[in-house]
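Q: Here you go, entry-v3.cif (mmCIF, C-alpha atoms):
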```cif
data_final
#
loop_
_atom_site.group_PDB
_atom_site.id
_atom_site.type_symbol
_atom_site.label_atom_id
_atom_site.label_comp_id
_atom_site.auth_asym_id
_atom_site.auth_seq_id
_atom_site.Cartn_x
_atom_site.Cartn_y
_atom_site.Cartn_z
ATOM 1 C CA MET A 19 1.585 -7.038 17.382
ATOM 2 C CA GLY A 20 0.408 -4.603 20.020
ATOM 3 C CA LEU A 21 -0.737 -1.013 19.868
ATOM 4 C CA LEU A 22 2.787 0.406 20.139
ATOM 5 C CA ASP A 23 4.066 -1.899 17.396
ATOM 6 C CA ASP A 24 1.221 -0.848 15.123
ATOM 7 C CA PHE A 25 1.830 2.812 15.905
ATOM 8 C CA ARG A 26 5.566 2.491 15.231
ATOM 9 C CA LEU A 27 5.031 0.855 11.839
ATOM 10 C CA MET A 28 2.249 3.216 10.762
ATOM 11 C CA ALA A 29 4.258 6.218 11.931
ATOM 12 C CA ARG A 30 7.336 4.915 10.088
ATOM 13 C CA ILE A 31 5.291 4.857 6.890
ATOM 14 C CA ARG A 32 3.878 8.342 7.543
ATOM 15 C CA ARG A 33 7.289 9.848 8.324
ATOM 16 C CA PHE A 34 8.747 8.197 5.232
ATOM 17 C CA GLU A 35 6.050 9.706 3.018
ATOM 18 C CA GLU A 36 6.413 13.132 4.612
ATOM 19 C CA ARG A 37 10.201 13.071 4.158
ATOM 20 C CA LEU A 38 9.724 11.900 0.591
ATOM 21 C CA THR A 39 7.496 14.917 -0.023
ATOM 22 C CA ALA A 40 10.201 17.256 1.295
ATOM 23 C CA LEU A 41 12.815 15.586 -0.919
ATOM 24 C CA LYS A 42 10.506 15.907 -3.911
ATOM 25 C CA ASP A 43 9.960 19.600 -3.186
ATOM 26 C CA ALA A 44 13.742 20.054 -2.913
ATOM 27 C CA GLY A 45 14.272 18.475 -6.329
ATOM 28 C CA GLU A 46 15.944 15.296 -5.076
ATOM 29 C CA ILE A 47 13.160 12.977 -6.297
ATOM 30 C CA PRO A 48 12.600 12.878 -10.079
ATOM 31 C CA GLY A 49 9.208 12.041 -11.492
ATOM 32 C CA SER A 50 5.841 11.850 -9.778
ATOM 33 C CA ILE A 51 5.079 10.167 -6.458
ATOM 34 C CA HIS A 52 1.798 8.841 -5.072
ATOM 35 C CA LEU A 53 1.597 8.858 -1.283
ATOM 36 C CA CYS A 54 -0.462 6.783 1.155
ATOM 37 C CA ASN A 55 -0.759 9.312 4.023
ATOM 38 C CA GLY A 56 -3.862 8.332 5.993
ATOM 39 C CA GLN A 57 -4.036 4.770 4.644
ATOM 40 C CA GLU A 58 -1.260 3.244 6.761
ATOM 41 C CA ALA A 59 -3.490 0.969 8.843
ATOM 42 C CA ILE A 60 -4.320 -1.156 5.791
ATOM 43 C CA PRO A 61 -0.843 -2.518 4.943
ATOM 44 C CA VAL A 62 0.088 -2.680 8.630
ATOM 45 C CA GLY A 63 -3.024 -4.622 9.598
ATOM 46 C CA ALA A 64 -2.886 -6.883 6.541
ATOM 47 C CA SER A 65 0.783 -7.732 7.088
ATOM 48 C CA ARG A 66 -0.046 -9.180 10.499
ATOM 49 C CA ALA A 67 -1.826 -12.026 8.706
ATOM 50 C CA LEU A 68 1.096 -12.813 6.411
ATOM 51 C CA ARG A 69 4.249 -14.844 6.811
ATOM 52 C CA ASP A 70 7.559 -15.065 4.986
ATOM 53 C CA GLY A 71 6.961 -16.486 1.525
ATOM 54 C CA ASP A 72 3.578 -14.816 1.043
ATOM 55 C CA TYR A 73 3.476 -12.541 -1.997
ATOM 56 C CA VAL A 74 2.374 -8.899 -1.897
ATOM 57 C CA THR A 75 1.571 -6.846 -4.991
ATOM 58 C CA ALA A 76 0.650 -3.167 -4.671
ATOM 59 C CA THR A 77 -0.489 -0.163 -6.662
ATOM 60 C CA TYR A 78 1.732 2.825 -7.424
ATOM 61 C CA ARG A 79 0.576 4.049 -3.970
ATOM 62 C CA GLY A 80 2.441 1.137 -2.431
ATOM 63 C CA HIS A 81 5.274 2.571 -0.335
ATOM 64 C CA GLY A 82 3.354 1.643 2.828
ATOM 65 C CA TRP A 83 3.027 -1.981 1.729
ATOM 66 C CA ALA A 84 6.753 -2.162 0.968
ATOM 67 C CA ILE A 85 7.668 -0.777 4.399
ATOM 68 C CA ALA A 86 5.137 -2.999 6.170
ATOM 69 C CA ARG A 87 6.760 -6.014 4.494
ATOM 70 C CA GLY A 88 10.188 -4.970 5.754
ATOM 71 C CA VAL A 89 11.738 -3.398 2.655
ATOM 72 C CA ASP A 90 14.827 -1.390 3.617
ATOM 73 C CA LEU A 91 14.262 2.356 4.055
ATOM 74 C CA THR A 92 17.652 3.337 2.662
ATOM 75 C CA GLY A 93 16.996 1.248 -0.426
ATOM 76 C CA LEU A 94 13.584 2.854 -0.864
ATOM 77 C CA PHE A 95 14.918 6.403 -0.601
ATOM 78 C CA ALA A 96 17.862 5.615 -2.899
ATOM 79 C CA GLU A 97 15.601 3.991 -5.470
ATOM 80 C CA MET A 98 13.291 6.998 -5.546
ATOM 81 C CA MET A 99 16.268 9.342 -5.868
ATOM 82 C CA GLY A 100 17.258 7.428 -8.989
ATOM 83 C CA HIS A 101 20.392 6.085 -7.329
ATOM 84 C CA ASP A 102 21.847 2.627 -7.875
ATOM 85 C CA SER A 103 19.878 1.044 -5.041
ATOM 86 C CA ALA A 104 19.974 -2.617 -4.059
ATOM 87 C CA LEU A 105 16.266 -2.803 -4.951
ATOM 88 C CA CYS A 106 16.007 -1.944 -8.649
ATOM 89 C CA GLY A 107 19.156 0.026 -9.368
ATOM 90 C CA GLY A 108 17.327 3.323 -9.711
ATOM 91 C CA ARG A 109 15.274 2.035 -12.633
ATOM 92 C CA ALA A 110 11.952 1.661 -10.820
ATOM 93 C CA ALA A 111 11.733 4.901 -8.823
ATOM 94 C CA SER A 112 8.449 5.401 -6.944
ATOM 95 C CA PRO A 113 5.808 3.570 -9.045
ATOM 96 C CA TYR A 114 7.571 0.333 -10.022
ATOM 97 C CA LEU A 115 9.806 -0.662 -7.120
ATOM 98 C CA SER A 116 9.984 -4.269 -5.957
ATOM 99 C CA ASP A 117 11.946 -6.424 -3.543
ATOM 100 C CA PRO A 118 11.771 -10.162 -4.277
ATOM 101 C CA GLY A 119 13.849 -10.851 -1.174
ATOM 102 C CA ARG A 120 10.926 -9.612 0.914
ATOM 103 C CA TRP A 121 8.360 -11.304 -1.390
ATOM 104 C CA PHE A 122 7.230 -7.822 -2.398
ATOM 105 C CA VAL A 123 6.313 -8.477 -6.025
ATOM 106 C CA GLY A 124 6.117 -4.748 -6.501
ATOM 107 C CA GLU A 125 4.084 -1.810 -7.650
ATOM 108 C CA ASN A 126 2.534 -1.032 -11.022
ATOM 109 C CA SER A 127 1.465 2.324 -12.423
ATOM 110 C CA ILE A 128 -1.161 0.759 -14.698
ATOM 111 C CA VAL A 129 -4.474 0.821 -12.821
ATOM 112 C CA GLY A 130 -5.511 -2.689 -11.818
ATOM 113 C CA ALA A 131 -2.529 -4.375 -13.476
ATOM 114 C CA GLY A 132 -1.344 -5.834 -10.184
ATOM 115 C CA VAL A 133 -4.303 -8.212 -9.974
ATOM 116 C CA PRO A 134 -3.342 -10.447 -12.939
ATOM 117 C CA ILE A 135 0.257 -10.428 -11.676
ATOM 118 C CA ALA A 136 -0.852 -11.425 -8.177
ATOM 119 C CA THR A 137 -3.110 -14.088 -9.686
ATOM 120 C CA GLY A 138 -0.050 -15.511 -11.419
ATOM 121 C CA ALA A 139 1.774 -15.596 -8.085
ATOM 122 C CA ALA A 140 -1.221 -17.374 -6.548
ATOM 123 C CA LEU A 141 -1.194 -19.908 -9.391
ATOM 124 C CA THR A 142 2.503 -20.514 -8.750
ATOM 125 C CA ALA A 143 1.828 -21.081 -5.060
ATOM 126 C CA GLN A 144 -0.950 -23.540 -5.857
ATOM 127 C CA ARG A 145 0.999 -25.474 -8.488
ATOM 128 C CA THR A 146 4.146 -25.730 -6.366
ATOM 129 C CA GLY A 147 2.260 -26.570 -3.170
ATOM 130 C CA SER A 148 4.239 -23.946 -1.262
ATOM 131 C CA GLY A 149 1.314 -22.979 0.975
ATOM 132 C CA ALA A 150 1.899 -19.314 0.158
ATOM 133 C CA VAL A 151 -0.854 -16.772 -0.284
ATOM 134 C CA SER A 152 -0.846 -13.882 -2.756
ATOM 135 C CA VAL A 153 -2.223 -10.559 -1.491
ATOM 136 C CA VAL A 154 -2.852 -7.678 -3.867
ATOM 137 C CA SER A 155 -3.960 -4.139 -3.034
ATOM 138 C CA ILE A 156 -5.858 -1.995 -5.516
ATOM 139 C CA GLY A 157 -7.688 1.313 -5.357
ATOM 140 C CA ASP A 158 -11.427 1.677 -5.687
ATOM 141 C CA GLY A 159 -11.196 2.849 -9.305
ATOM 142 C CA ALA A 160 -9.377 -0.320 -10.324
ATOM 143 C CA MET A 161 -12.491 -2.366 -9.609
ATOM 144 C CA ASN A 162 -13.855 -1.070 -12.925
ATOM 145 C CA GLN A 163 -10.931 -2.412 -14.954
ATOM 146 C CA GLY A 164 -11.588 -5.394 -17.207
ATOM 147 C CA ASN A 165 -8.401 -7.254 -16.362
ATOM 148 C CA VAL A 166 -9.324 -7.096 -12.670
ATOM 149 C CA HIS A 167 -12.622 -8.885 -13.348
ATOM 150 C CA GLU A 168 -10.926 -11.481 -15.528
ATOM 151 C CA ALA A 169 -8.254 -12.195 -12.940
ATOM 152 C CA ILE A 170 -10.686 -12.468 -10.007
ATOM 153 C CA ASN A 171 -12.904 -14.784 -12.033
ATOM 154 C CA MET A 172 -9.925 -16.976 -12.956
ATOM 155 C CA ALA A 173 -8.795 -17.090 -9.326
ATOM 156 C CA ALA A 174 -12.307 -18.053 -8.235
ATOM 157 C CA VAL A 175 -12.699 -20.792 -10.834
ATOM 158 C CA LEU A 176 -9.304 -22.290 -9.952
ATOM 159 C CA ASP A 177 -9.624 -21.758 -6.165
ATOM 160 C CA LEU A 178 -6.356 -19.834 -6.156
ATOM 161 C CA PRO A 179 -4.917 -18.529 -2.855
ATOM 162 C CA LEU A 180 -5.555 -14.856 -3.683
ATOM 163 C CA VAL A 181 -6.690 -12.084 -1.351
ATOM 164 C CA LEU A 182 -7.808 -8.841 -2.984
ATOM 165 C CA VAL A 183 -7.618 -5.792 -0.687
ATOM 166 C CA VAL A 184 -9.513 -2.816 -2.091
ATOM 167 C CA GLU A 185 -8.230 0.397 -0.520
ATOM 168 C CA ASN A 186 -11.336 2.513 -0.989
ATOM 169 C CA ASN A 187 -10.157 6.056 -0.302
ATOM 170 C CA VAL A 188 -13.357 7.489 -1.830
ATOM 171 C CA TYR A 189 -11.643 8.985 -4.890
ATOM 172 C CA SER A 190 -10.631 7.308 -8.138
ATOM 173 C CA GLU A 191 -7.933 9.813 -8.995
ATOM 174 C CA MET A 192 -10.089 12.990 -8.944
ATOM 175 C CA SER A 193 -13.549 11.403 -9.337
ATOM 176 C CA PRO A 194 -15.674 10.287 -6.364
ATOM 177 C CA ILE A 195 -16.250 6.535 -6.596
ATOM 178 C CA SER A 196 -19.906 7.217 -5.754
ATOM 179 C CA ASP A 197 -20.250 8.921 -9.166
ATOM 180 C CA MET A 198 -18.817 5.906 -10.977
ATOM 181 C CA VAL A 199 -20.727 2.873 -9.651
ATOM 182 C CA ARG A 200 -24.345 2.114 -8.763
ATOM 183 C CA ILE A 201 -23.571 -0.042 -5.746
ATOM 184 C CA ARG A 202 -22.946 1.228 -2.238
ATOM 185 C CA GLN A 203 -19.909 -0.956 -1.523
ATOM 186 C CA LEU A 204 -17.498 -2.492 -4.018
ATOM 187 C CA ALA A 205 -17.401 -5.712 -1.985
ATOM 188 C CA GLU A 206 -20.981 -6.274 -3.137
ATOM 189 C CA ARG A 207 -19.474 -7.535 -6.398
ATOM 190 C CA ALA A 208 -17.921 -10.527 -4.641
ATOM 191 C CA PRO A 209 -20.982 -12.836 -4.977
ATOM 192 C CA GLY A 210 -20.824 -12.319 -8.738
ATOM 193 C CA TYR A 211 -17.497 -14.137 -8.687
ATOM 194 C CA GLY A 212 -18.695 -16.685 -6.146
ATOM 195 C CA VAL A 213 -16.255 -15.478 -3.474
ATOM 196 C CA PRO A 214 -16.669 -13.872 -0.023
ATOM 197 C CA GLY A 215 -16.628 -10.090 0.241
ATOM 198 C CA ARG A 216 -16.264 -8.012 3.372
ATOM 199 C CA VAL A 217 -16.148 -4.300 4.232
ATOM 200 C CA VAL A 218 -13.959 -3.087 7.107
ATOM 201 C CA ASP A 219 -12.794 0.157 8.687
ATOM 202 C CA GLY A 220 -9.522 0.757 6.878
ATOM 203 C CA ASN A 221 -8.345 3.200 9.546
ATOM 204 C CA ASP A 222 -8.379 0.446 12.189
ATOM 205 C CA ALA A 223 -5.380 -1.892 11.931
ATOM 206 C CA ASP A 224 -7.082 -4.463 14.190
ATOM 207 C CA ALA A 225 -10.171 -4.605 11.972
ATOM 208 C CA VAL A 226 -8.038 -4.958 8.841
ATOM 209 C CA ALA A 227 -5.884 -7.646 10.450
ATOM 210 C CA GLU A 228 -8.901 -9.700 11.491
ATOM 211 C CA ALA A 229 -10.576 -9.520 8.074
ATOM 212 C CA VAL A 230 -7.414 -10.246 6.106
ATOM 213 C CA ALA A 231 -6.465 -13.114 8.454
ATOM 214 C CA GLU A 232 -9.829 -14.743 7.774
ATOM 215 C CA ALA A 233 -9.312 -14.351 4.014
ATOM 216 C CA VAL A 234 -5.722 -15.603 4.204
ATOM 217 C CA ASP A 235 -6.731 -18.675 6.213
ATOM 218 C CA ARG A 236 -9.420 -19.443 3.657
ATOM 219 C CA ALA A 237 -6.948 -19.042 0.788
ATOM 220 C CA ARG A 238 -4.281 -21.116 2.492
ATOM 221 C CA ASP A 239 -6.597 -24.052 3.088
ATOM 222 C CA GLY A 240 -7.523 -24.231 -0.601
ATOM 223 C CA SER A 241 -10.926 -22.529 -0.454
ATOM 224 C CA GLY A 242 -10.017 -19.805 -2.946
ATOM 225 C CA PRO A 243 -9.972 -16.020 -3.097
ATOM 226 C CA SER A 244 -11.718 -13.326 -1.069
ATOM 227 C CA ILE A 245 -12.284 -9.587 -1.399
ATOM 228 C CA VAL A 246 -11.685 -7.246 1.555
ATOM 229 C CA GLU A 247 -12.784 -3.656 1.044
ATOM 230 C CA ALA A 248 -11.047 -1.315 3.489
ATOM 231 C CA MET A 249 -12.690 2.103 3.786
ATOM 232 C CA THR A 250 -10.221 4.936 4.267
ATOM 233 C CA GLU A 251 -9.301 8.457 3.134
ATOM 234 C CA ARG A 252 -6.078 9.879 1.810
ATOM 235 C CA LEU A 253 -4.788 13.042 3.449
ATOM 236 C CA VAL A 254 -2.861 14.189 0.386
ATOM 237 C CA GLY A 255 -3.446 14.579 -3.328
ATOM 238 C CA HIS A 256 -3.737 11.794 -5.845
ATOM 239 C CA TYR A 257 -0.176 12.599 -6.929
ATOM 240 C CA SER A 258 2.533 15.068 -5.952
ATOM 241 C CA GLY A 259 1.376 18.516 -7.011
ATOM 242 C CA ASP A 260 -2.336 17.695 -6.992
ATOM 243 C CA ALA A 261 -4.117 20.860 -5.809
ATOM 244 C CA GLN A 262 -7.176 18.794 -4.758
ATOM 245 C CA GLN A 263 -9.611 21.469 -5.897
ATOM 246 C CA TYR A 264 -12.176 18.729 -6.454
ATOM 247 C CA ARG A 265 -12.443 18.049 -2.703
ATOM 248 C CA PRO A 266 -15.140 19.901 -0.728
ATOM 249 C CA ALA A 267 -14.076 22.470 1.851
ATOM 250 C CA GLY A 268 -13.378 20.891 5.215
ATOM 251 C CA GLU A 269 -13.149 17.326 3.900
ATOM 252 C CA ILE A 270 -9.413 16.899 4.488
ATOM 253 C CA ALA A 271 -9.605 18.470 7.952
ATOM 254 C CA ALA A 272 -12.369 16.024 8.877
ATOM 255 C CA ALA A 273 -10.337 13.127 7.513
ATOM 256 C CA ARG A 274 -7.429 14.150 9.752
ATOM 257 C CA GLU A 275 -9.686 13.530 12.749
ATOM 258 C CA ARG A 276 -10.347 9.953 11.600
ATOM 259 C CA GLU A 277 -6.941 8.852 10.323
ATOM 260 C CA PRO A 278 -5.213 5.982 12.161
ATOM 261 C CA LEU A 279 -2.378 7.831 13.935
ATOM 262 C CA ALA A 280 -4.666 10.600 15.159
ATOM 263 C CA ARG A 281 -7.135 7.980 16.368
ATOM 264 C CA ILE A 282 -4.478 6.326 18.555
ATOM 265 C CA ARG A 283 -3.279 9.634 19.970
ATOM 266 C CA ARG A 284 -6.789 10.825 20.737
ATOM 267 C CA ALA A 285 -7.441 7.752 22.888
ATOM 268 C CA ALA A 286 -4.044 7.877 24.645
ATOM 269 C CA ASP A 287 -3.520 8.934 28.238
ATOM 270 C CA ALA A 288 -0.508 11.011 29.329
ATOM 271 C CA ALA A 289 1.760 7.987 29.857
ATOM 272 C CA LEU A 290 0.963 6.488 26.463
ATOM 273 C CA THR A 291 1.304 9.873 24.770
ATOM 274 C CA ALA A 292 4.830 10.152 26.164
ATOM 275 C CA ARG A 293 5.702 6.739 24.715
ATOM 276 C CA LEU A 294 4.226 7.697 21.349
ATOM 277 C CA ASP A 295 6.269 10.915 21.359
ATOM 278 C CA ALA A 296 9.411 8.896 22.090
ATOM 279 C CA ILE A 297 8.675 6.576 19.164
ATOM 280 C CA ASP A 298 8.190 9.587 16.878
ATOM 281 C CA ALA A 299 11.557 10.979 17.962
ATOM 282 C CA GLU A 300 13.271 7.642 17.294
ATOM 283 C CA LEU A 301 11.645 7.434 13.864
ATOM 284 C CA ALA A 302 12.791 10.960 12.988
ATOM 285 C CA ASP A 303 16.387 9.856 13.596
ATOM 286 C CA GLU A 304 15.835 6.589 11.692
ATOM 287 C CA ILE A 305 14.397 8.396 8.668
ATOM 288 C CA GLU A 306 17.195 10.965 8.566
ATOM 289 C CA ALA A 307 19.832 8.239 8.805
ATOM 290 C CA ALA A 308 18.210 6.442 5.872
ATOM 291 C CA VAL A 309 18.135 9.645 3.790
ATOM 292 C CA THR A 310 21.806 10.321 4.534
ATOM 293 C CA ALA A 311 22.740 6.767 3.557
ATOM 294 C CA ALA A 312 20.617 6.962 0.397
ATOM 295 C CA ARG A 313 22.313 10.170 -0.701
ATOM 296 C CA ALA A 314 25.647 8.365 -0.476
ATOM 297 C CA VAL A 315 24.526 5.655 -2.909
ATOM 298 C CA PRO A 316 25.983 6.498 -6.345
ATOM 299 C CA THR A 317 23.886 7.070 -9.424
ATOM 300 C CA PRO A 318 23.797 4.186 -11.947
ATOM 301 C CA ASP A 319 26.621 3.822 -14.447
ATOM 302 C CA PRO A 320 25.267 5.006 -17.833
ATOM 303 C CA ALA A 321 27.020 2.041 -19.444
ATOM 304 C CA THR A 322 24.439 -0.224 -17.774
ATOM 305 C CA ALA A 323 21.448 1.564 -19.357
ATOM 306 C CA LYS A 324 20.723 -1.305 -21.750
ATOM 307 C CA GLU A 325 20.766 -3.985 -19.045
ATOM 308 C CA HIS A 326 17.435 -5.641 -18.217
ATOM 309 C CA VAL A 327 16.032 -4.483 -21.576
ATOM 310 C CA TYR A 328 14.522 -7.079 -23.885
ATOM 311 C CA VAL A 329 15.402 -6.660 -27.553
#
```
Please express what this file holds, its structure, as structure tokens.

A:
Amino acid sequence: MGLLDDFRLMARIRRFEERLTALKDAGEIPGSIHLCNGQEAIPVGASRALRDGDYVTATYRGHGWAIARGVDLTGLFAEMMGHDSALCGGRAASPYLSDPGRWFVGENSIVGAGVPIATGAALTAQRTGSGAVSVVSIGDGAMNQGNVHEAINMAAVLDLPLVLVVENNVYSEMSPISDMVRIRQLAERAPGYGVPGRVVDGNDADAVAEAVAEAVDRARDGSGPSIVEAMTERLVGHYSGDAQQYRPAGEIAAAREREPLARIRRAADAALTARLDAIDAELADEIEAAVTAARAVPTPDPATAKEHVYV
């Protein structure tokens, strides 16, 4: 992928999240949503290293990963509206959506819970000899969860094809990660599991792609898991409605100077800027078409409420 391809995909994610915010404010999205504005370079860069058949598991802030893996925009909007989407029939909404057809194992609102799930996918890949790799994204706070440690240790002991991408956006919900750990970088924990750990600029899709490709190649050849810590910042609250009073004055404005889309535009000349503007205009039409189509999807039949429920 080139610069324009990266920009298009990152901008598609950004425009999706911004439109989702407007729909939430208008009352069309029930429940809470967790947005990835500012973190788009991580799923976009990581997806460059993946191929069809590779599993991706995300956090509840995983809309960007779903879009980067090719999940349909209309289905995403419809699912979050609670409509009978082709993804999860309106049952998953924002924090639990999945798309097995795109090997998107899905999101999980329990902090760190995606890592054991992704480890299971990696075990499946190893046992079946499929050659697939399992990539899981977590936030920085999830690195303090017990099940995350257990799963990474299991993956290391069994040499499972697992790649753990830590999206370190500085805050674990409302608490600075620096107040919660004694180490400077979370990737420093990797040697304790006997696996490689690497820190990259999470606002640079090229840097993420290179680091994840190295980890994926290692996993695919049977050498086991790796940890990639991608440093980034979110431009929005932890959840919809978060007033972000815990963030110092000027912090968000400074982050907007470093975020991936602004970085590309700042380095662009007049000709490239015109092409970027054209892409933005195309994406605006694409997003609106997806919203219109999603609104036309009916709500689920109440008679199906007990389907997919274990008794």

Q: List the residues matched by the PyMOL selection byres ((chain A and resi 29) around 9) in the displayed structure as JSON, numbers by chain, ordered by chain and then by residue number.

A: {"A": [24, 25, 26, 27, 28, 30, 31, 32, 33, 34, 58, 279, 297, 298, 301]}

Q: Would you place a box with edges along x, y and z of the file around all atoms of stretch 40-44 of chain A listed there, add 5 Å to each of its six sides, and report the centre and edge lengths in Å to one decimal, as lines of an AutoDock Vina configuration file?

A:
```
center_x = 11.9
center_y = 17.8
center_z = -1.3
size_x = 13.8
size_y = 14.5
size_z = 15.2
```

Q: Kindly indicate which residue among A:Ile195, A:Leu53, A:Val234, A:Val213 lies nearest to A:Glu36, using only C-alpha atoms for the distances.

A: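 Looking only at the distances to A:Glu36, the closest residue turns out to be A:Leu53.
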
Q: May I have the protein, DNA and RNA residues with an atom at most 12 Å from (-11.1, -2.9, 16.4), counting all atoms listed in the file in the file's coordinates, returned as a list in words?

A: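 Residues lying no farther than 12 Å from the given point: Leu21, Ala59, Gly63, Val218, Asp219, Gly220, Asn221, Asp222, Ala223, Asp224, Ala225, Val226, Ala227, Glu228, Ala229, Pro278, Arg281 and Ile282 of chain A.
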
Q: Translate the PyMOL selection byres ((chain A and resi 319) around 12), as applied to the file shown, into an explicit residue set as an MDAnalysis selection string.

A: chainID A and resid 100:103 107:109 315:318 320:325

Q: Just to confirm, what's the straight-line distance from atom CA of A:Ile156 to atom CA of A:Asp72 in Å (one decimal)?

A: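 Between atom CA of A:Ile156 and atom CA of A:Asp72 the gap is 17.2 Å.
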
Q: What does the PyMOL selection byres ((chain A and resi 132) around 7) select in this file, as a JSON list (two decimals) with C-alpha atoms, keeping the file's coordinate frame?

A:
```json
[["chain", "number", "residue", "atom", "x", "y", "z"],
["A", 75, "THR", "CA", 1.57, -6.85, -4.99],
["A", 76, "ALA", "CA", 0.65, -3.17, -4.67],
["A", 77, "THR", "CA", -0.49, -0.16, -6.66],
["A", 126, "ASN", "CA", 2.53, -1.03, -11.02],
["A", 130, "GLY", "CA", -5.51, -2.69, -11.82],
["A", 131, "ALA", "CA", -2.53, -4.38, -13.48],
["A", 133, "VAL", "CA", -4.30, -8.21, -9.97],
["A", 134, "PRO", "CA", -3.34, -10.45, -12.94],
["A", 135, "ILE", "CA", 0.26, -10.43, -11.68],
["A", 136, "ALA", "CA", -0.85, -11.42, -8.18],
["A", 154, "VAL", "CA", -2.85, -7.68, -3.87]]
```

Q: Restricting the calculation to all atoms listed in the file, which member of A:Gly259, A:Arg265, A:Gly159, A:Leu182 is positioned closest to A:Ser196?

A: A:Gly159

Q: Which residue gives the smallest distance to A:Val184 among A:Ala64, A:Leu290, A:Met172, A:Val199, with only C-alpha atoms counted?

A: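 With only C-alpha atoms as the atom set, the closest residue is A:Ala64.
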